[in-house]
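Structure, as structure tokens:
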Amino acid sequence: MEVVVTASAGFCFGVKRAVELVYEKARSGGKIYTYGPIAHNDDVVRDLEKQGVTVLESREALEKLTEGTVVIRAHGVPEEIYELMEAKGLKYIDATCPFVKRIHKIVQKESADGRQIIIIGNDGHPEVEGTKGWAKTSATVIETQEQAQNFTAKQGE
């Protein structure tokens, strides 16, 4: 049997960039953390753990940190996570995918201008959670075709 790997196999550029940043930082030494797994790839996460990188699984774990460098995963995080790290004086590297970061800025601006934010995706997924966390008002997440068909926008939006 012949196995052919397509040109598009592997990580998207945003995840590749984030993973490379963590590996680079791990080689430079010091205590390194990622806020959540850097990507949806257990092999990469385990390999980084072998190199001393610790995954912070929750805001509470981040709140307990007093030193080290936190790398923000490719999926991004809510605005409040940046605020927490800055308030604690923690060093961090923002490895959020530039495309995701662009969406965060749009959500932040449009919600501040009073527009309703609707996100199509899986509620609870890190990228959706990160995006919701930039809305100045509550964001609606639509996960299914049925939810989309039954959705009614708020008046005036």
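A note on labels: chains of the structure tokens are A, B, ... as shown, every chain counts residues from 1, and ligands are counted from 1 in their shown order.
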Next on the checklist: Residues within 7 Å of Gln108 of chain A, please, as a ChimeraX atom specification. Count only C-alpha atoms; anything in the same chain fewer than 3 positions from it doesn't count.
Outcome noted: /A:104-105,111-112,134-136
Next on the checklist: Please identify the strand (DSSP E or B) residues within chain A (assignment by DSSP from backbone atoms) and present them as a list in words.
Outcome noted: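 Here is the list: Ile32, Tyr33, Thr34, Tyr35, Val53, Thr54, Val55, Leu56, Thr69, Val70, Val71, Ile72, Lys91, Tyr92, Ile93, Asp94, Ile117, Ile118, Ile119, Ile120, Ala139, Thr140, Val141 and Ile142 of chain A.
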Item to check | DSSP-assigned helix (DSSP H, G or I) members of chain A, reported as number ranges by chain | outcome: A: 13-28, 42-50, 59-64, 79-88, 98-112, 126-132, 145-150
For the residues in the current selection, export C-alpha atoms as an mmCIF file, in the first residue's frame.
```cif
data_model
loop_
_atom_site.group_PDB
_atom_site.id
_atom_site.type_symbol
_atom_site.label_atom_id
_atom_site.label_comp_id
_atom_site.auth_asym_id
_atom_site.auth_seq_id
_atom_site.Cartn_x
_atom_site.Cartn_y
_atom_site.Cartn_z
ATOM 1 C CA PHE A 13 0.034 28.155 10.015
ATOM 2 C CA GLY A 14 -1.327 29.675 13.235
ATOM 3 C CA VAL A 15 -0.927 26.457 15.223
ATOM 4 C CA LYS A 16 2.464 25.767 13.627
ATOM 5 C CA ARG A 17 3.606 29.244 14.649
ATOM 6 C CA ALA A 18 2.363 28.760 18.231
ATOM 7 C CA VAL A 19 4.006 25.342 18.590
ATOM 8 C CA GLU A 20 7.304 26.668 17.231
ATOM 9 C CA LEU A 21 7.181 29.571 19.710
ATOM 10 C CA VAL A 22 6.770 27.174 22.635
ATOM 11 C CA TYR A 23 9.600 24.918 21.470
ATOM 12 C CA GLU A 24 11.844 27.953 20.994
ATOM 13 C CA LYS A 25 10.996 29.290 24.451
ATOM 14 C CA ALA A 26 11.508 25.838 26.030
ATOM 15 C CA ARG A 27 15.027 25.670 24.520
ATOM 16 C CA SER A 28 15.913 29.037 26.024
ATOM 17 C CA ASP A 42 -1.484 15.052 22.478
ATOM 18 C CA ASP A 43 1.885 13.976 21.029
ATOM 19 C CA VAL A 44 3.096 17.566 20.803
ATOM 20 C CA VAL A 45 1.764 18.418 24.274
ATOM 21 C CA ARG A 46 3.505 15.371 25.784
ATOM 22 C CA ASP A 47 6.752 16.184 23.981
ATOM 23 C CA LEU A 48 6.649 19.744 25.295
ATOM 24 C CA GLU A 49 5.965 18.439 28.801
ATOM 25 C CA LYS A 50 9.135 16.317 28.495
ATOM 26 C CA ARG A 59 -7.808 30.218 35.377
ATOM 27 C CA GLU A 60 -7.293 29.028 38.969
ATOM 28 C CA ALA A 61 -3.974 27.417 38.002
ATOM 29 C CA LEU A 62 -2.925 30.684 36.369
ATOM 30 C CA GLU A 63 -3.934 32.640 39.472
ATOM 31 C CA LYS A 64 -1.511 30.526 41.548
ATOM 32 C CA GLU A 79 -9.441 39.380 27.428
ATOM 33 C CA GLU A 80 -9.675 38.792 31.185
ATOM 34 C CA ILE A 81 -6.761 36.321 31.006
ATOM 35 C CA TYR A 82 -4.456 39.040 29.656
ATOM 36 C CA GLU A 83 -5.693 41.367 32.391
ATOM 37 C CA LEU A 84 -4.997 38.734 35.068
ATOM 38 C CA MET A 85 -1.456 38.083 33.808
ATOM 39 C CA GLU A 86 -0.708 41.799 33.655
ATOM 40 C CA ALA A 87 -2.125 42.383 37.143
ATOM 41 C CA LYS A 88 0.073 39.577 38.483
ATOM 42 C CA PRO A 98 -3.251 36.142 13.780
ATOM 43 C CA PHE A 99 -6.542 35.189 12.101
ATOM 44 C CA VAL A 100 -8.102 34.429 15.489
ATOM 45 C CA LYS A 101 -6.668 37.666 16.931
ATOM 46 C CA ARG A 102 -8.322 39.565 14.083
ATOM 47 C CA ILE A 103 -11.708 38.059 15.016
ATOM 48 C CA HIS A 104 -11.148 39.043 18.669
ATOM 49 C CA LYS A 105 -10.611 42.657 17.623
ATOM 50 C CA ILE A 106 -13.739 42.626 15.457
ATOM 51 C CA VAL A 107 -15.835 41.137 18.275
ATOM 52 C CA GLN A 108 -14.447 43.679 20.740
ATOM 53 C CA LYS A 109 -15.181 46.650 18.476
ATOM 54 C CA GLU A 110 -18.558 45.547 17.164
ATOM 55 C CA SER A 111 -19.874 44.585 20.595
ATOM 56 C CA ALA A 112 -18.637 47.904 22.026
ATOM 57 C CA PRO A 126 -11.138 27.043 23.473
ATOM 58 C CA GLU A 127 -11.334 29.197 20.350
ATOM 59 C CA VAL A 128 -15.030 29.949 20.885
ATOM 60 C CA GLU A 129 -14.450 30.636 24.594
ATOM 61 C CA GLY A 130 -11.587 32.967 23.728
ATOM 62 C CA THR A 131 -13.674 34.822 21.156
ATOM 63 C CA LYS A 132 -16.658 35.166 23.524
ATOM 64 C CA GLN A 145 -28.487 23.761 12.222
ATOM 65 C CA GLU A 146 -31.624 23.593 14.363
ATOM 66 C CA GLN A 147 -30.338 26.382 16.629
ATOM 67 C CA ALA A 148 -29.561 28.477 13.554
ATOM 68 C CA GLN A 149 -33.020 27.920 12.102
ATOM 69 C CA ASN A 150 -34.668 28.839 15.413
#
```
